[in-house]
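S.K.: I have a structure here, written as structure tokens, and I will follow up with some questions on it.
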Amino acid sequence: MSLPSETIRLIEQLELHNILLVEWENALFNRLGCPLIVHSDLVFLVPDEQLPIVEKLAAEIGFHAAGREILPPKYPSEESNQSLRYIIQNPSNICSRASRVVLLPLSWTGVSPNDVIRLSDAENSLPCSVYTMPVSVACTALVRIASREKRGSKLRMEVIGALCSIMAYHFFDMSYEGDYYEIPPDDQELSEKEVLEMSNAVNNLKEWEMKEGEEWIRDELIKAMTGATSYDDLPCKND
């Protein structure tokens with residue numbers, strides 16, 4: 001990934017000050033199996049108490065937080081109104097969007113530092129330590145976020161869309177032959193292969209370790225994945 005020198009300086013300063021950077025959005029979702037394009041944007045979760053340090057370090061290098069009018073949201077997490085956002089490279093043409101650094105409080109996802117795993121040098125192209133998370137932690141975090149939002153909100157719909165993609169591409173064979181995918185009718189029975197995939201996926205989810213009081217998240221995901229309910233039926237604010 002090619003980054004401007006000022007951005008590299010910022011990343012090096014974050015490393016020097018032991019800032020915990022946990023990948024989020026496309027970088028994470030792609031690692032979990034979703035076929036998403038990972039642009040030159042950097043989206044990280046950061047421990048809440050470290051965000052003021054990040055903001056100070058960015059200001060010393062010359063970065064200034066960008067508002068929505070200057071930097072329109074590109075990712076669901078930017079709709080949360082909780083992110084620090086910096087332009088790292090202006091678009092090369094009018095059809096492109098500015099490259100950005102987006103930093104969000106770790107508490108927004110309910111993920112703790114104990115839940116994350118450091119990427120190996122082979123997995124990480126940045127000049128700093130970057131952490132990721134298992135699929136169980138990511139999906140649980142997405143359900144937490146969705147459940148805090150009102151039904152029909154833009155953030156909730158986009159988060160549920162990301163959740164559906166992760167669950168599908170991580171647990172099931174989404175490849176197909178031919179030039180396009182033919183959607184099967186609702187009443188078509190699952191193939192033997194699909195039944196086995198579903199059984200394995202459900203057994204995998206049943207083994208997820210949940211935080212106390214969050215066992216309902218696992219139950220809701222199993223119901224949605226097996227078609228007993230819809231992902232859109234996940235609990236929401238004011239239910």
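Chain labels run A, B, ... following the order of the structure tokens; each chain numbers its residues from 1, and ligands are numbered from 1 in the order shown.
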If we count only C-alpha atoms, what is near stretch 67-69 of chain A at a cut-off of 10 Å, once residues fewer than 4 positions away on the same chain are taken out, given as a PyMOL selection string?
M.R.: chain A and resi 73+78-79+81+84-86
S.K.: Name all residues at most 12 Å from A:Phe29 (count only C-alpha atoms; drop same-chain ones fewer than 5 positions away) and give them as a list in words.
M.R.: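 That gives Glu23, Trp24, Cys34, Pro35, Leu36, Ile37, Val38, Val43, Thr132, Met133, Pro134, Val135, Val137, Ala138, Cys139, Leu142, Val159, Gly161, Ala162, Leu163, Cys164, Ser165, Ile166, Met167, Ala168, Tyr169 and His170 of chain A.
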S.K.: Given only C-alpha atoms, how would the per-residue table for stretch 78-176 of chain A near stretch 194-214 of chain A read, listing every residue at most 7 Å away with its closest atom pair and distance in Å to one decimal, sorted by chain and number, as a Markdown table?
M.R.:
```
| residue | atom | partner | partner_atom | distance |
| --- | --- | --- | --- | --- |
| A:Ser136 | CA | A:Trp208 | CA | 6.4 |
| A:Phe171 | CA | A:Ala201 | CA | 5.9 |
| A:Phe172 | CA | A:Glu197 | CA | 6.2 |
```
S.K.: Could you tell me which of A:Ile160, A:Cys236, A:Ala146, A:Leu45 comes closest to A:Val116 if we count only C-alpha atoms?
M.R.: A:Leu45
S.K.: Pick from A:Gln89, A:Val22, A:Arg118, A:Gln13: nearest to A:Lys56, with only C-alpha atoms counted?
M.R.: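 Among the listed residues, A:Gln13 lies closest to A:Lys56.
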S.K.: Excluding same-chain residues fewer than 2 positions from A:Leu126, what lies within 10 Å of it counting only C-alpha atoms, as a PyMOL selection string?
M.R.: chain A and resi 1-3+8+11-12+121+123-124+128-130
S.K.: Run DSSP on the backbone of this structure and report the residues of stretch 136-205 of chain A it assigns to helix (DSSP H, G or I), as number ranges by chain.
M.R.: A: 136-147, 154-171, 192-205
S.K.: What gap, in Å, lies between atom CA of A:Pro47 and atom CA of A:Ala27?
M.R.: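 One can read the atom CA of A:Pro47 to atom CA of A:Ala27 distance as 18.5 Å.
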S.K.: Between A:Gln82, A:Ser153, A:Thr140, A:Ser175, which one has atoms that come closest to A:Asp219, using only C-alpha atoms?
M.R.: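 Going through A:Gln82, A:Ser153, A:Thr140, A:Ser175 one by one, the smallest distance to A:Asp219 is for A:Thr140.
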S.K.: Please measure the separation of atom CA of A:Leu28 and atom CA of A:Leu14, giving the value in Å to one decimal.
M.R.: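 These two atoms are separated by 19.6 Å.
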